[in-house]
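**Student:** start-v9.csv is the file, holding CSV, C-alpha atoms:
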chain,number,residue,atom,x,y,z
A,1,LEU,CA,-73.1,-110.8,8.7
A,2,GLU,CA,-71.7,-113.0,5.9
A,3,PHE,CA,-71.5,-110.0,3.4
A,4,ALA,CA,-71.1,-106.3,3.5
A,5,CYS,CA,-74.4,-104.5,4.2
A,6,ARG,CA,-75.7,-102.7,1.1
A,7,HIS,CA,-79.1,-101.7,2.3
A,8,VAL,CA,-80.4,-99.8,5.3
A,9,VAL,CA,-84.0,-99.6,6.5
A,10,ILE,CA,-85.1,-96.0,7.0
A,11,CYS,CA,-87.4,-95.5,10.0
A,12,ASP,CA,-89.1,-92.4,11.4
A,13,GLY,CA,-87.2,-92.5,14.7
A,14,THR,CA,-89.5,-94.9,16.5
A,15,LYS,CA,-88.0,-98.0,14.8
A,16,THR,CA,-91.6,-99.2,14.2
A,17,ASN,CA,-92.7,-97.1,11.3
A,18,ARG,CA,-90.5,-98.0,8.4
A,19,ARG,CA,-90.3,-95.5,5.6
A,20,GLY,CA,-88.3,-97.4,3.0
A,21,ILE,CA,-84.9,-98.9,2.2
A,22,ILE,CA,-81.8,-97.1,0.8
A,23,SER,CA,-78.9,-98.9,-0.9
A,24,CYS,CA,-75.3,-97.9,-1.5
A,25,LEU,CA,-76.2,-97.7,-5.2
A,26,ASP,CA,-79.0,-95.2,-4.3
A,27,ILE,CA,-76.3,-93.0,-2.6
A,28,VAL,CA,-74.1,-93.3,-5.7
A,29,ARG,CA,-77.0,-92.3,-7.9
A,30,PHE,CA,-77.7,-89.3,-5.7
A,31,LEU,CA,-74.1,-88.3,-5.6
A,32,HIS,CA,-73.9,-88.5,-9.4
A,33,ALA,CA,-77.1,-86.4,-9.8
A,34,GLN,CA,-76.5,-83.9,-7.0
A,35,PRO,CA,-72.8,-83.8,-6.2
A,36,SER,CA,-72.9,-80.3,-4.6
A,37,VAL,CA,-75.5,-81.5,-2.1
A,38,LEU,CA,-73.4,-84.4,-0.7
A,39,ASP,CA,-70.1,-82.8,-1.3
A,40,PRO,CA,-70.6,-79.0,-0.9
A,41,ASP,CA,-66.9,-78.3,-0.3
A,42,GLY,CA,-65.7,-80.4,-3.2
A,43,VAL,CA,-63.5,-82.6,-1.0
A,44,LEU,CA,-64.2,-85.6,-3.3
A,45,LYS,CA,-63.2,-83.8,-6.5
A,46,GLY,CA,-59.5,-84.6,-6.2
A,47,LEU,CA,-59.9,-88.3,-5.4
A,48,LYS,CA,-58.8,-91.0,-7.8
A,49,VAL,CA,-60.0,-94.7,-7.9
A,50,ARG,CA,-56.7,-95.7,-6.2
A,51,ASP,CA,-57.7,-93.6,-3.2
A,52,VAL,CA,-61.0,-95.5,-2.7
A,53,MET,CA,-60.6,-99.0,-4.1
A,54,LYS,CA,-60.1,-102.2,-2.2
A,55,PRO,CA,-56.4,-103.3,-2.8
A,56,ARG,CA,-55.5,-106.6,-4.5
A,57,ALA,CA,-55.0,-108.4,-1.2
A,58,GLN,CA,-58.7,-108.0,-0.3
A,59,ILE,CA,-60.0,-109.2,-3.7
A,60,PRO,CA,-61.2,-112.8,-4.0
A,61,THR,CA,-60.4,-114.4,-7.4
A,62,CYS,CA,-61.2,-117.6,-9.3
A,63,THR,CA,-59.9,-118.9,-12.6
A,64,GLN,CA,-62.4,-119.2,-15.4
A,65,ARG,CA,-62.4,-123.0,-15.0
A,66,ALA,CA,-63.9,-122.6,-11.5
A,67,THR,CA,-67.6,-123.2,-11.0
A,68,VAL,CA,-70.3,-120.8,-9.9
A,69,MET,CA,-70.4,-122.7,-6.6
A,70,GLN,CA,-66.7,-122.3,-6.1
A,71,ALA,CA,-67.1,-118.6,-6.7
A,72,MET,CA,-69.8,-118.4,-4.1
A,73,GLN,CA,-67.6,-120.3,-1.6
A,74,LYS,CA,-64.8,-117.9,-2.3
A,75,MET,CA,-67.1,-114.9,-1.7
A,76,ILE,CA,-68.1,-116.3,1.7
A,77,ALA,CA,-64.5,-117.0,2.7
A,78,PHE,CA,-63.5,-113.5,1.8
A,79,ARG,CA,-66.7,-111.9,3.1
A,80,GLN,CA,-67.2,-110.1,-0.2
A,81,ASN,CA,-70.0,-109.8,-2.7
A,82,PHE,CA,-68.0,-110.6,-5.8
A,83,VAL,CA,-65.0,-112.5,-7.2
A,84,VAL,CA,-62.8,-111.4,-10.0
A,85,VAL,CA,-62.5,-114.1,-12.8
A,86,HIS,CA,-59.3,-114.5,-14.7
A,87,ASN,CA,-57.7,-117.0,-17.1
A,88,SER,CA,-54.2,-117.0,-15.6
A,89,ASP,CA,-52.7,-120.4,-16.1
A,90,ASP,CA,-50.2,-120.0,-13.3
A,91,VAL,CA,-52.8,-119.9,-10.6
A,92,HIS,CA,-54.6,-123.0,-9.4
A,93,GLU,CA,-58.1,-123.4,-7.9
A,94,ASP,CA,-56.7,-124.6,-4.6
A,95,ASP,CA,-57.0,-121.8,-2.0
A,96,ASP,CA,-53.5,-122.8,-0.8
A,97,GLU,CA,-52.0,-122.0,-4.2
A,98,GLU,CA,-53.2,-118.4,-4.4
A,99,THR,CA,-51.9,-115.8,-1.9
A,100,ASP,CA,-52.9,-112.2,-1.4
A,101,ASP,CA,-50.1,-111.0,-3.5
A,102,THR,CA,-50.5,-113.5,-6.4
A,103,VAL,CA,-50.3,-111.6,-9.6
A,104,VAL,CA,-53.6,-112.1,-11.4
A,105,LYS,CA,-53.2,-111.5,-15.2
A,106,HIS,CA,-55.8,-111.7,-17.9
A,107,VAL,CA,-58.8,-110.5,-16.0
A,108,ARG,CA,-62.0,-111.8,-17.7
A,109,GLY,CA,-64.7,-110.2,-15.5
A,110,ILE,CA,-66.6,-110.2,-12.3
A,111,VAL,CA,-69.2,-112.5,-10.8
A,112,THR,CA,-71.4,-111.2,-8.0
A,113,THR,CA,-73.8,-112.7,-5.4
A,114,ARG,CA,-76.6,-111.6,-7.8
A,115,ASP,CA,-75.1,-113.7,-10.5
A,116,THR,CA,-74.9,-116.8,-8.2
A,117,LEU,CA,-78.5,-116.3,-7.3
A,118,ARG,CA,-79.4,-115.9,-10.9
A,119,ALA,CA,-77.6,-119.2,-11.7
A,120,TYR,CA,-79.7,-120.9,-9.0
A,121,VAL,CA,-83.0,-119.4,-10.3
A,122,ASP,CA,-82.1,-120.3,-13.9
A,123,ARG,CA,-81.5,-123.8,-12.7
A,124,THR,CA,-78.1,-123.8,-14.3
A,125,GLY,CA,-76.7,-125.0,-11.0
A,126,GLY,CA,-73.5,-124.3,-9.3
A,127,GLU,CA,-71.5,-126.6,-11.6
A,128,MET,CA,-71.4,-124.2,-14.6
A,129,SER,CA,-67.9,-122.9,-15.2
A,130,LEU,CA,-67.3,-119.2,-14.7
A,131,ASP,CA,-66.1,-119.0,-18.3
A,132,ALA,CA,-69.6,-120.3,-19.5
A,133,TRP,CA,-71.3,-117.9,-17.1
A,134,LEU,CA,-69.4,-114.9,-18.2
A,135,GLN,CA,-70.2,-115.7,-21.8
A,136,ARG,CA,-73.9,-115.3,-20.9
A,137,LEU,CA,-73.4,-111.8,-19.5
A,138,GLU,CA,-73.4,-108.6,-21.5
A,139,GLY,CA,-71.0,-105.8,-21.0
A,140,ILE,CA,-68.5,-107.4,-18.7
A,141,GLU,CA,-65.7,-105.4,-20.4
A,142,ALA,CA,-67.4,-102.2,-19.3
A,143,ARG,CA,-66.7,-103.0,-15.7
A,144,PHE,CA,-62.9,-102.4,-16.1
A,145,VAL,CA,-61.3,-99.1,-14.9
A,146,LYS,CA,-57.8,-97.8,-14.3
A,147,ALA,CA,-56.5,-96.7,-10.9
A,148,ASP,CA,-55.9,-93.1,-12.1
A,149,LEU,CA,-59.5,-92.5,-13.2
A,150,PRO,CA,-61.2,-89.7,-11.3
A,151,PHE,CA,-63.5,-90.8,-8.5
A,152,ALA,CA,-66.4,-88.9,-10.1
A,153,ALA,CA,-66.0,-90.9,-13.3
A,154,VAL,CA,-66.5,-94.2,-11.5
A,155,VAL,CA,-69.5,-92.7,-9.6
A,156,ARG,CA,-71.0,-91.8,-13.0
A,157,LYS,CA,-70.2,-95.3,-14.3
A,158,LEU,CA,-71.8,-97.1,-11.4
A,159,ALA,CA,-74.9,-94.8,-11.4
A,160,THR,CA,-75.6,-94.8,-15.1
A,161,GLU,CA,-74.8,-98.4,-15.8
A,162,ASP,CA,-76.7,-99.6,-12.6
A,163,ILE,CA,-73.8,-101.7,-11.4
A,164,HIS,CA,-72.3,-102.2,-7.9
A,165,HIS,CA,-68.7,-103.1,-8.8
A,166,VAL,CA,-65.8,-102.3,-11.1
A,167,VAL,CA,-62.5,-104.1,-11.5
A,168,VAL,CA,-59.4,-102.0,-11.4
A,169,VAL,CA,-56.7,-103.2,-13.8
A,170,ASP,CA,-53.4,-101.8,-15.1
A,171,ASP,CA,-52.4,-101.3,-18.7
A,172,GLU,CA,-51.5,-105.0,-19.0
A,173,ASN,CA,-54.9,-106.1,-17.7
A,174,ILE,CA,-53.4,-107.2,-14.3
A,175,LEU,CA,-55.7,-107.0,-11.3
A,176,VAL,CA,-54.9,-104.0,-9.1
A,177,GLY,CA,-58.1,-103.8,-7.0
A,178,ALA,CA,-61.8,-103.3,-7.1
A,179,MET,CA,-64.3,-100.5,-6.2
A,180,SER,CA,-67.9,-100.9,-5.3
A,181,SER,CA,-70.9,-98.7,-4.4
A,182,SER,CA,-70.2,-99.6,-0.8
A,183,ASP,CA,-66.7,-98.1,-1.2
A,184,VAL,CA,-68.3,-94.9,-2.5
A,185,ALA,CA,-70.7,-94.7,0.4
A,186,HIS,CA,-67.9,-95.3,3.0
A,187,THR,CA,-65.7,-92.7,1.3
A,188,LEU,CA,-68.5,-90.2,1.4
A,189,ALA,CA,-69.2,-90.9,5.1
A,190,ASP,CA,-65.5,-90.6,5.9
A,191,LYS,CA,-65.2,-87.3,4.2
A,192,ILE,CA,-68.4,-85.9,5.7
A,193,GLN,CA,-67.2,-86.9,9.2
A,194,ALA,CA,-63.7,-85.5,8.8
Rewrite the structure from the file as structure tokens, please.

**Tutor:**
Amino acid sequence: LEFACRHVVICDGTKTNRRGIISCLDIVRFLHAQPSVLDPDGVLKGLKVRDVMKPRAQIPTCTQRATVMQAMQKMIAFRQNFVVVHNSDDVHEDDDEETDDTVVKHVRGIVTTRDTLRAYVDRTGGEMSLDAWLQRLEGIEARFVKADLPFAAVVRKLATEDIHHVVVVDDENILVGAMSSSDVAHTLADKIQA
């Protein structure tokens, strides 16, 4: 697989009679609506974003000068469904210049595979800058959270705002990590199996 699996086909046990598809965001919505059903013992209540998020080393980034196509190439290279966009002047677009521990300041937003597909369908092409692309999107600031935020608050944010990803930043807007609906589903599965 080139990207993380976000959807699962539900069958009746025979693998021939498909009942539907469930996504990680569906699981997040259900967890938000019925937390006691998926977490009857309350094991998720004490979790914070920092306990669930992907750390900085796993987060692909691009400067706002990069193109939509470069963002997609970075997603493929990192095997992720998003890139974090920043306007740090001290990081260059060459992959060799940015390392896993590069400090990414001035986070602007997030671009997802859905955005790159939308750019293709809109015929804006892959040459549009990420800065120009982000200016077209609404509510990109709403996707920022802090690492000490309770897990349940991010579940609520993902479910009610119908988004798959949030960017985790510190008080100085420096990239700390990211959290997605897949991370919520994996955390839930880990806690249920434990």

**Student:** What's the 12 Å shell around segment 7-16 of chain A, counting all atoms listed in the file, without same-chain residues fewer than 4 positions away, as a ChimeraX atom specification?

**Tutor:** /A:3,20-27,181-182,185

**Student:** In the coordinates of the file, take the point (-62.9, -90.4, -11.7) and a cut-off of 12 Å; then, counting all atoms listed in the file, name each qualifying protein, DNA or RNA residue as a list of chain:residue names.

**Tutor:**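 So the residues meeting the distance criterion are A:His32, A:Leu44, A:Lys45, A:Gly46, A:Leu47, A:Lys48, A:Val49, A:Arg50, A:Asp51, A:Val52, A:Met53, A:Val145, A:Lys146, A:Ala147, A:Asp148, A:Leu149, A:Pro150, A:Phe151, A:Ala152, A:Ala153, A:Val154, A:Val155, A:Arg156, A:Lys157, A:Leu158, A:Met179, A:Val184.
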
**Student:** Of the residues A:Val176, A:Ala71, A:Val103, A:Ile110, which is the one nearest to Val85 of chain A, using all atoms listed in the file?

**Tutor:**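 Among A:Val176, A:Ala71, A:Val103, A:Ile110, it is A:Ile110 that comes nearest to Val85 of chain A.
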
**Student:** Counting all atoms listed in the file, I want the residues whose atoms come within 10 Å of (-59.2, -106.6, -4.4) in the file frame, returned as an MDAnalysis selection string.

**Tutor:** chainID A and resid 53:61 80 82:84 100 167:168 175:179

**Student:** How many Å separate atom CA of Thr112 of chain A from atom CA of Val68 of chain A?

**Tutor:**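 Between atom CA of Thr112 of chain A and atom CA of Val68 of chain A the gap works out to 9.8 Å.
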